[in-house]
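Participant: My file is work.cif. It has mmCIF, C-alpha atoms:
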data_model
loop_
_atom_site.label_atom_id
_atom_site.label_comp_id
_atom_site.auth_asym_id
_atom_site.auth_seq_id
_atom_site.Cartn_x
_atom_site.Cartn_y
_atom_site.Cartn_z
CA MET A 172 24.03 22.38 67.48
CA SER A 173 22.61 20.10 64.84
CA PRO A 174 24.93 18.43 62.30
CA VAL A 175 23.43 20.58 59.57
CA ALA A 176 24.03 23.77 61.49
CA GLN A 177 27.54 22.67 62.40
CA SER A 178 28.35 21.88 58.78
CA SER A 179 27.00 25.26 57.74
CA ALA A 180 29.19 27.01 60.30
CA ASN A 181 32.25 25.08 59.11
CA ASP A 182 31.44 26.01 55.54
CA ARG A 183 31.40 29.68 56.48
CA THR A 184 34.72 29.56 58.30
CA ALA A 185 36.71 27.24 56.01
CA PRO A 186 37.24 29.68 53.10
CA GLN A 187 38.82 32.22 55.44
CA ALA A 188 42.00 30.16 55.68
CA GLU A 189 42.80 30.47 51.99
CA PRO A 190 43.33 34.26 51.93
CA ILE A 191 45.62 33.93 54.94
CA ARG A 192 47.80 31.43 53.07
CA LEU A 193 47.77 33.60 49.98
CA VAL A 194 48.83 36.67 51.97
CA ALA A 195 51.70 34.72 53.54
CA ALA A 196 52.81 33.41 50.15
CA ASP A 197 52.59 36.90 48.65
CA ARG A 198 54.68 38.35 51.47
CA ARG A 199 57.31 35.67 51.07
CA ALA A 200 57.40 36.26 47.31
CA ARG A 201 57.78 40.00 47.88
CA LEU A 202 60.72 39.39 50.20
CA VAL A 203 62.35 37.21 47.55
CA ASP A 204 61.66 39.97 44.98
CA ALA A 205 63.33 42.53 47.24
CA ALA A 206 66.37 40.33 47.79
CA THR A 207 66.66 39.73 44.04
CA GLU A 208 66.53 43.47 43.33
CA LEU A 209 69.19 44.21 45.94
CA LEU A 210 71.36 41.37 44.67
CA ALA A 211 71.29 42.83 41.16
CA GLU A 212 72.51 46.14 42.56
CA ASP A 213 75.15 44.83 44.96
CA ASP A 214 75.34 41.37 46.52
CA ASP A 215 76.82 42.82 49.73
CA ALA A 216 73.71 44.99 50.09
CA VAL A 217 71.49 41.99 50.81
CA SER A 218 70.76 41.75 54.52
CA MET A 219 67.67 41.08 56.58
CA ASP A 220 67.42 44.81 57.33
CA SER A 221 67.86 45.95 53.73
CA VAL A 222 65.34 43.41 52.47
CA ALA A 223 62.81 44.54 55.07
CA GLU A 224 63.32 48.16 54.04
CA ARG A 225 63.07 47.41 50.31
CA ALA A 226 59.93 45.30 50.79
CA GLY A 227 58.35 47.88 53.10
CA VAL A 228 57.89 45.46 56.00
CA SER A 229 59.26 45.06 59.50
CA ARG A 230 62.47 43.18 60.24
CA PRO A 231 60.67 40.57 62.41
CA LEU A 232 58.44 39.74 59.44
CA VAL A 233 61.50 38.85 57.37
CA TYR A 234 62.66 36.50 60.13
CA LYS A 235 59.20 34.98 60.23
CA HIS A 236 59.77 33.66 56.70
CA PHE A 237 63.56 33.19 56.64
CA ALA A 238 65.85 32.20 59.49
CA ASN A 239 68.86 34.06 58.11
CA ARG A 240 70.44 35.67 55.03
CA GLY A 241 71.62 32.32 53.69
CA GLU A 242 68.13 30.87 53.73
CA LEU A 243 66.80 33.97 51.96
CA LEU A 244 69.44 33.77 49.24
CA SER A 245 68.71 30.06 48.80
CA ALA A 246 65.08 30.95 48.14
CA VAL A 247 66.22 33.47 45.53
CA TYR A 248 68.45 30.89 43.87
CA GLU A 249 65.73 28.25 43.84
CA ARG A 250 63.18 30.58 42.26
CA GLU A 251 65.57 31.99 39.65
CA SER A 252 66.94 28.59 38.66
CA THR A 253 63.42 27.16 38.40
CA LEU A 254 62.30 30.04 36.19
CA LEU A 255 65.35 29.66 33.97
CA HIS A 256 64.85 25.91 33.64
CA ARG A 257 61.21 26.47 32.67
CA GLU A 258 62.12 29.07 30.07
CA LEU A 259 64.76 26.84 28.50
CA ALA A 260 62.47 23.80 28.56
CA ASP A 261 59.67 25.75 26.87
CA ALA A 262 62.02 27.01 24.15
CA VAL A 263 63.44 23.53 23.52
CA ASN A 264 60.02 21.88 23.42
CA ALA A 265 58.77 24.48 20.95
CA ALA A 266 61.60 23.68 18.51
CA ASP A 267 61.05 21.04 15.83
CA SER A 268 64.26 19.26 14.87
CA LEU A 269 67.08 18.04 17.11
CA GLU A 270 69.36 20.74 15.69
CA ASP A 271 66.78 23.43 16.41
CA LYS A 272 66.39 22.15 19.97
CA PHE A 273 70.13 22.45 20.58
CA ARG A 274 69.99 25.93 19.08
CA ALA A 275 67.13 26.92 21.38
CA LEU A 276 69.06 25.59 24.36
CA VAL A 277 72.35 27.38 23.70
CA ALA A 278 70.63 30.61 22.60
CA GLY A 279 68.54 30.63 25.76
CA ALA A 280 71.59 29.92 27.93
CA LEU A 281 73.48 32.82 26.35
CA ARG A 282 70.53 35.18 26.84
CA ALA A 283 70.26 34.13 30.47
CA GLU A 284 73.98 34.73 30.99
CA ALA A 285 73.61 38.22 29.57
CA THR A 286 70.62 39.12 31.72
CA ARG A 287 71.05 37.04 34.89
CA GLY A 288 74.64 35.85 34.88
CA ALA A 289 75.77 38.37 37.48
CA THR A 290 72.90 37.41 39.77
CA PHE A 291 73.68 33.70 39.60
CA ALA A 292 77.39 34.37 40.11
CA ALA A 293 76.65 36.41 43.22
CA LEU A 294 74.35 33.70 44.56
CA ARG A 295 76.96 30.99 44.02
CA SER A 296 79.61 33.16 45.63
CA ALA A 297 77.36 33.62 48.66
CA GLY A 298 76.89 29.85 48.96
CA ALA A 299 73.18 30.04 48.19
CA ARG A 300 73.10 26.76 46.31
CA GLY A 301 72.71 24.23 49.10
CA ARG A 302 72.75 20.46 48.92
CA GLY A 303 69.05 20.17 48.14
CA LEU A 304 69.27 22.66 45.28
CA ARG A 305 72.33 20.94 43.85
CA GLU A 306 70.55 17.59 43.88
CA ARG A 307 67.51 19.07 42.10
CA GLN A 308 69.80 20.53 39.47
CA ARG A 309 71.49 17.16 38.96
CA ARG A 310 68.09 15.55 38.42
CA ARG A 311 67.20 18.19 35.85
CA ASP A 312 70.52 17.63 34.10
CA ARG A 313 69.98 13.87 33.98
CA ASN A 314 66.51 14.34 32.54
CA THR A 315 67.86 16.74 29.92
CA VAL A 316 70.54 14.25 28.89
CA ARG A 317 67.96 11.48 28.52
CA TYR A 318 65.67 13.77 26.50
CA PHE A 319 68.31 14.80 23.96
CA ALA A 320 69.85 11.31 23.78
CA ALA A 321 66.48 9.75 22.98
CA LEU A 322 65.94 12.24 20.15
CA ALA A 323 69.45 11.69 18.80
CA MET A 324 69.04 7.91 18.79
CA GLN A 325 65.70 8.24 17.04
CA GLU A 326 67.07 10.59 14.39
CA HIS A 327 70.44 8.94 13.73
CA GLY A 328 69.99 5.36 14.88
CA SER A 329 73.03 5.60 17.14
CA GLU A 330 73.89 3.31 20.05
CA GLU A 331 72.42 4.26 23.43
CA ARG A 332 75.49 4.33 25.68
CA GLU A 333 77.77 6.36 23.44
CA THR A 334 74.92 8.68 22.43
CA THR A 335 74.08 9.35 26.08
CA GLU A 336 77.74 10.02 26.86
CA ALA A 337 78.07 12.31 23.85
CA VAL A 338 74.98 14.31 24.84
CA ALA A 339 76.28 14.63 28.41
CA ILE A 340 79.56 16.03 27.03
CA LEU A 341 77.72 18.44 24.75
CA LEU A 342 75.49 19.74 27.53
CA GLY A 343 78.49 20.09 29.83
CA ALA A 344 80.19 22.16 27.12
CA LEU A 345 77.58 24.90 27.62
CA THR A 346 79.67 26.05 30.59
CA SER A 347 82.59 26.64 28.24
CA VAL A 348 80.35 28.44 25.76
CA LEU A 349 79.24 30.86 28.48
CA ALA A 350 82.82 31.36 29.63
CA GLN A 351 83.83 32.27 26.07
CA TRP A 352 80.97 34.75 25.86
CA ARG A 353 82.04 36.44 29.11
CA ARG A 354 85.40 37.17 27.52
CA TYR A 355 83.67 39.15 24.76
CA PRO A 356 80.09 39.82 25.90
CA THR A 357 78.68 41.09 22.62
CA PRO A 358 75.64 40.04 20.54
CA ASP A 359 77.92 39.14 17.63
CA ASN A 360 80.03 36.85 19.79
CA ALA A 361 76.89 35.25 21.19
CA LYS A 362 75.67 34.48 17.67
CA SER A 363 79.07 33.12 16.66
CA LEU A 364 79.26 30.85 19.71
CA GLU A 365 75.72 29.66 19.07
CA GLU A 366 76.61 28.62 15.52
CA ILE A 367 79.79 26.85 16.61
CA TYR A 368 77.97 24.94 19.33
CA VAL A 369 75.09 23.87 17.10
CA ARG A 370 77.45 22.68 14.36
CA LEU A 371 79.47 20.65 16.86
CA ALA A 372 76.34 19.15 18.44
CA ALA A 373 74.53 18.33 15.21
CA GLY A 374 77.60 17.10 13.36
CA GLY A 375 78.95 15.08 16.26
CA LEU A 376 75.70 13.27 16.98
CA ALA A 377 75.10 12.61 13.29
CA ALA A 378 78.57 11.03 13.05
CA LEU A 379 77.70 8.55 15.81
CA GLY A 380 74.95 7.10 13.64
CA ARG A 381 77.20 6.39 10.67
CA PRO A 382 78.41 2.78 10.04
#
Here is a file; write its structure as structure tokens.

Facilitator:
Amino acid sequence: MSPVAQSSANDRTAPQAEPIRLVAADRRARLVDAATELLAEDDDAVSMDSVAERAGVSRPLVYKHFANRGELLSAVYERESTLLHRELADAVNAADSLEDKFRALVAGALRAEATRGATFAALRSAGARGRGLRERQRRRDRNTVRYFAALAMQEHGSEERETTEAVAILLGALTSVLAQWRRYPTPDNAKSLEEIYVRLAAGGLAALGRP
């Protein structure tokens, strides 16, 4: 076969690999979808058999993509946490002032707790957040601290170390905000907690810049 003919044959066969990869990715995504749906209904209902049934595939196909239930739940956690991070980042980036960015962050976190809090709690309870996922989350947290600290220093002229520490404390306080909301999970309480958090964040960072 001439080089030209061989190249032509390779050109005809090469594109066929792409649909195969897409089908595999789609199947994996569908399995993660099925596990997420089952998790929202009852975390104990998530098994390799139940996921296969919900996704409309065979049990061996589930094992082709995931070695066990833990690996499947880790995939769910990774996707959900990545989506949430993207949503929060988009909302924060769209806001103008530092105060508005803190408001976008806490409002988004409260919305996520209302809509996905039970799912994340079930995933954590099942041990779905492995070492790799925890490390990725720590990197995201460090980047978020640096982002808000840089804006605070620019706006208030505050010192780097104490501003960075203050921002880290404020971002860590989101856990307490969500815990307070779970005590009274109402829209009014969410709005009240949002206002309290924003006032503490904006006022505290502004105070660091004063002589």

Participant: Using Å and a single decimal, report how far CA of Asp267 in chain A sits from CA of Arg370 in chain A.

Facilitator: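 Between these atoms lies a distance of 16.5 Å.
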
Participant: Which of these, A:Lys235, A:Asn314, A:Met324, A:Gly227, has the shortest distance to His256 in chain A once you count only C-alpha atoms?

Facilitator: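 Closest to His256 in chain A of all the choices is A:Asn314.
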
Participant: Which is closest to Tyr318 in chain A among A:Ser347, A:Asn264, A:Ser296, A:Ser252, if we use all atoms listed in the file?

Facilitator: A:Asn264

Participant: So which one's closest to Gly380 in chain A, A:Glu270, A:Asp197, A:Asp312, A:Glu333? Using only C-alpha atoms, please.

Facilitator: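 Checking each candidate against Gly380 in chain A, we get A:Glu333 as the closest.
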
Participant: As a check of understanding, name the residues that the PyMOL selection byres ((chain A and resi 372) around 12) selects in the supplied structure, as an mmCIF file with C-alpha atoms, keeping the file's coordinate frame.

Facilitator:
data_model
loop_
_atom_site.group_PDB
_atom_site.id
_atom_site.type_symbol
_atom_site.label_atom_id
_atom_site.label_comp_id
_atom_site.auth_asym_id
_atom_site.auth_seq_id
_atom_site.Cartn_x
_atom_site.Cartn_y
_atom_site.Cartn_z
ATOM 1 C CA LEU A 269 67.080 18.040 17.110
ATOM 2 C CA GLU A 270 69.360 20.740 15.690
ATOM 3 C CA ASP A 271 66.780 23.430 16.410
ATOM 4 C CA LYS A 272 66.390 22.150 19.970
ATOM 5 C CA PHE A 273 70.130 22.450 20.580
ATOM 6 C CA ARG A 274 69.990 25.930 19.080
ATOM 7 C CA LEU A 276 69.060 25.590 24.360
ATOM 8 C CA VAL A 277 72.350 27.380 23.700
ATOM 9 C CA PHE A 319 68.310 14.800 23.960
ATOM 10 C CA ALA A 320 69.850 11.310 23.780
ATOM 11 C CA ALA A 323 69.450 11.690 18.800
ATOM 12 C CA THR A 334 74.920 8.680 22.430
ATOM 13 C CA ALA A 337 78.070 12.310 23.850
ATOM 14 C CA VAL A 338 74.980 14.310 24.840
ATOM 15 C CA ALA A 339 76.280 14.630 28.410
ATOM 16 C CA ILE A 340 79.560 16.030 27.030
ATOM 17 C CA LEU A 341 77.720 18.440 24.750
ATOM 18 C CA LEU A 342 75.490 19.740 27.530
ATOM 19 C CA GLY A 343 78.490 20.090 29.830
ATOM 20 C CA ALA A 344 80.190 22.160 27.120
ATOM 21 C CA LEU A 345 77.580 24.900 27.620
ATOM 22 C CA GLU A 365 75.720 29.660 19.070
ATOM 23 C CA GLU A 366 76.610 28.620 15.520
ATOM 24 C CA ILE A 367 79.790 26.850 16.610
ATOM 25 C CA TYR A 368 77.970 24.940 19.330
ATOM 26 C CA VAL A 369 75.090 23.870 17.100
ATOM 27 C CA ARG A 370 77.450 22.680 14.360
ATOM 28 C CA LEU A 371 79.470 20.650 16.860
ATOM 29 C CA ALA A 373 74.530 18.330 15.210
ATOM 30 C CA GLY A 374 77.600 17.100 13.360
ATOM 31 C CA GLY A 375 78.950 15.080 16.260
ATOM 32 C CA LEU A 376 75.700 13.270 16.980
ATOM 33 C CA ALA A 377 75.100 12.610 13.290
ATOM 34 C CA ALA A 378 78.570 11.030 13.050
ATOM 35 C CA LEU A 379 77.700 8.550 15.810
#

Participant: Since I can't run it myself right now, could you work out what the PyMOL selection byres ((chain A and resi 284) around 12) selects here and report it as a ChimeraX atom specification?

Facilitator: /A:255,277-283,285-292,345-346,348-353,356-358,361

Participant: Show me a table, sorted first by chain and then by increasing residue number, of the residues of range 242-342 of chain A having an atom at most 9 Å from range 202-207 of chain A, each with its shortest atom pair and the distance in Å to one decimal, counting all atoms listed in the file and written as CSV.

Facilitator:
residue,atom,partner,partner_atom,distance
A:Leu243,CA,A:Val203,CA,7.1
A:Leu244,CA,A:Ala206,CA,7.4
A:Ala246,CA,A:Val203,CA,6.9
A:Val247,CA,A:Val203,CA,5.7
A:Arg250,CA,A:Val203,CA,8.5
A:Glu251,CA,A:Thr207,CA,9.0
A:Thr290,CA,A:Thr207,CA,7.9

Participant: Could you tell me how far CA of Leu322 in chain A lies from CA of Ala266 in chain A, in Å and to one decimal?

Facilitator: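 These atoms are spaced 12.3 Å apart.
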
Participant: Just the residues within 10 Å of Arg201 in chain A, please, counting all atoms listed in the file, with nothing from its chain fewer than 5 positions along; format it as a list of chain:residue names.

Facilitator: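 Contacts, in chain order: A:Ala195, A:Ala196, A:Ala206, A:Thr207, A:Val222, A:Ala223, A:Arg225, A:Ala226, A:Gly227, A:Val228.
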
Participant: Which residue is closest to Val316 in chain A? Choose from A:Gly303, A:Tyr355, A:Val233, A:Arg332 and count only C-alpha atoms.

Facilitator: A:Arg332

Participant: Could you work out how far CA of Glu249 in chain A lies from CA of Gly301 in chain A, giving the answer in Å with one decimal?

Facilitator: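 Result for CA of Gly301 in chain A versus CA of Glu249 in chain A: 9.6 Å, one decimal.
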
Participant: Give the answer as one residue: which of A:Arg354, A:Thr253, A:Gln325, A:Arg300 has the shortest atom-to-atom distance to Gly241 in chain A, using only C-alpha atoms?

Facilitator: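 Result for the nearest residue to Gly241 in chain A: A:Arg300.
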
Participant: With all atoms listed in the file as the basis for distance, which of A:Ala275, A:Ala293, A:Ala200, A:Ala299 is at the shortest distance from His236 in chain A?

Facilitator: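 Ranked by minimum distance to His236 in chain A, first place goes to A:Ala200.
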
Participant: Output range 238-249 of chain A as a compact mmCIF listing (two decimals), keeping the file's coordinate frame, making sure N, CA and C atoms are there.

Facilitator:
# COMPACT_ATOMS: atom_id res chain seq x y z
N ALA A 238 65.08 32.22 58.25
CA ALA A 238 65.85 32.20 59.49
C ALA A 238 67.07 33.11 59.43
N ASN A 239 67.65 33.26 58.24
CA ASN A 239 68.86 34.06 58.11
C ASN A 239 69.06 34.45 56.65
N ARG A 240 70.14 35.19 56.39
CA ARG A 240 70.44 35.67 55.03
C ARG A 240 70.67 34.50 54.08
N GLY A 241 71.35 33.47 54.54
CA GLY A 241 71.62 32.32 53.69
C GLY A 241 70.36 31.64 53.21
N GLU A 242 69.40 31.50 54.10
CA GLU A 242 68.13 30.87 53.73
C GLU A 242 67.38 31.74 52.74
N LEU A 243 67.45 33.04 52.90
CA LEU A 243 66.80 33.97 51.96
C LEU A 243 67.43 33.88 50.59
N LEU A 244 68.76 33.86 50.52
CA LEU A 244 69.44 33.77 49.24
C LEU A 244 69.19 32.41 48.57
N SER A 245 69.05 31.37 49.37
CA SER A 245 68.71 30.06 48.80
C SER A 245 67.35 30.09 48.13
N ALA A 246 66.41 30.82 48.74
CA ALA A 246 65.08 30.95 48.14
C ALA A 246 65.17 31.71 46.82
N VAL A 247 66.02 32.73 46.77
CA VAL A 247 66.22 33.47 45.53
C VAL A 247 66.79 32.55 44.46
N TYR A 248 67.81 31.78 44.83
CA TYR A 248 68.45 30.89 43.87
C TYR A 248 67.47 29.84 43.35
N GLU A 249 66.68 29.28 44.25
CA GLU A 249 65.73 28.25 43.84
C GLU A 249 64.71 28.82 42.86
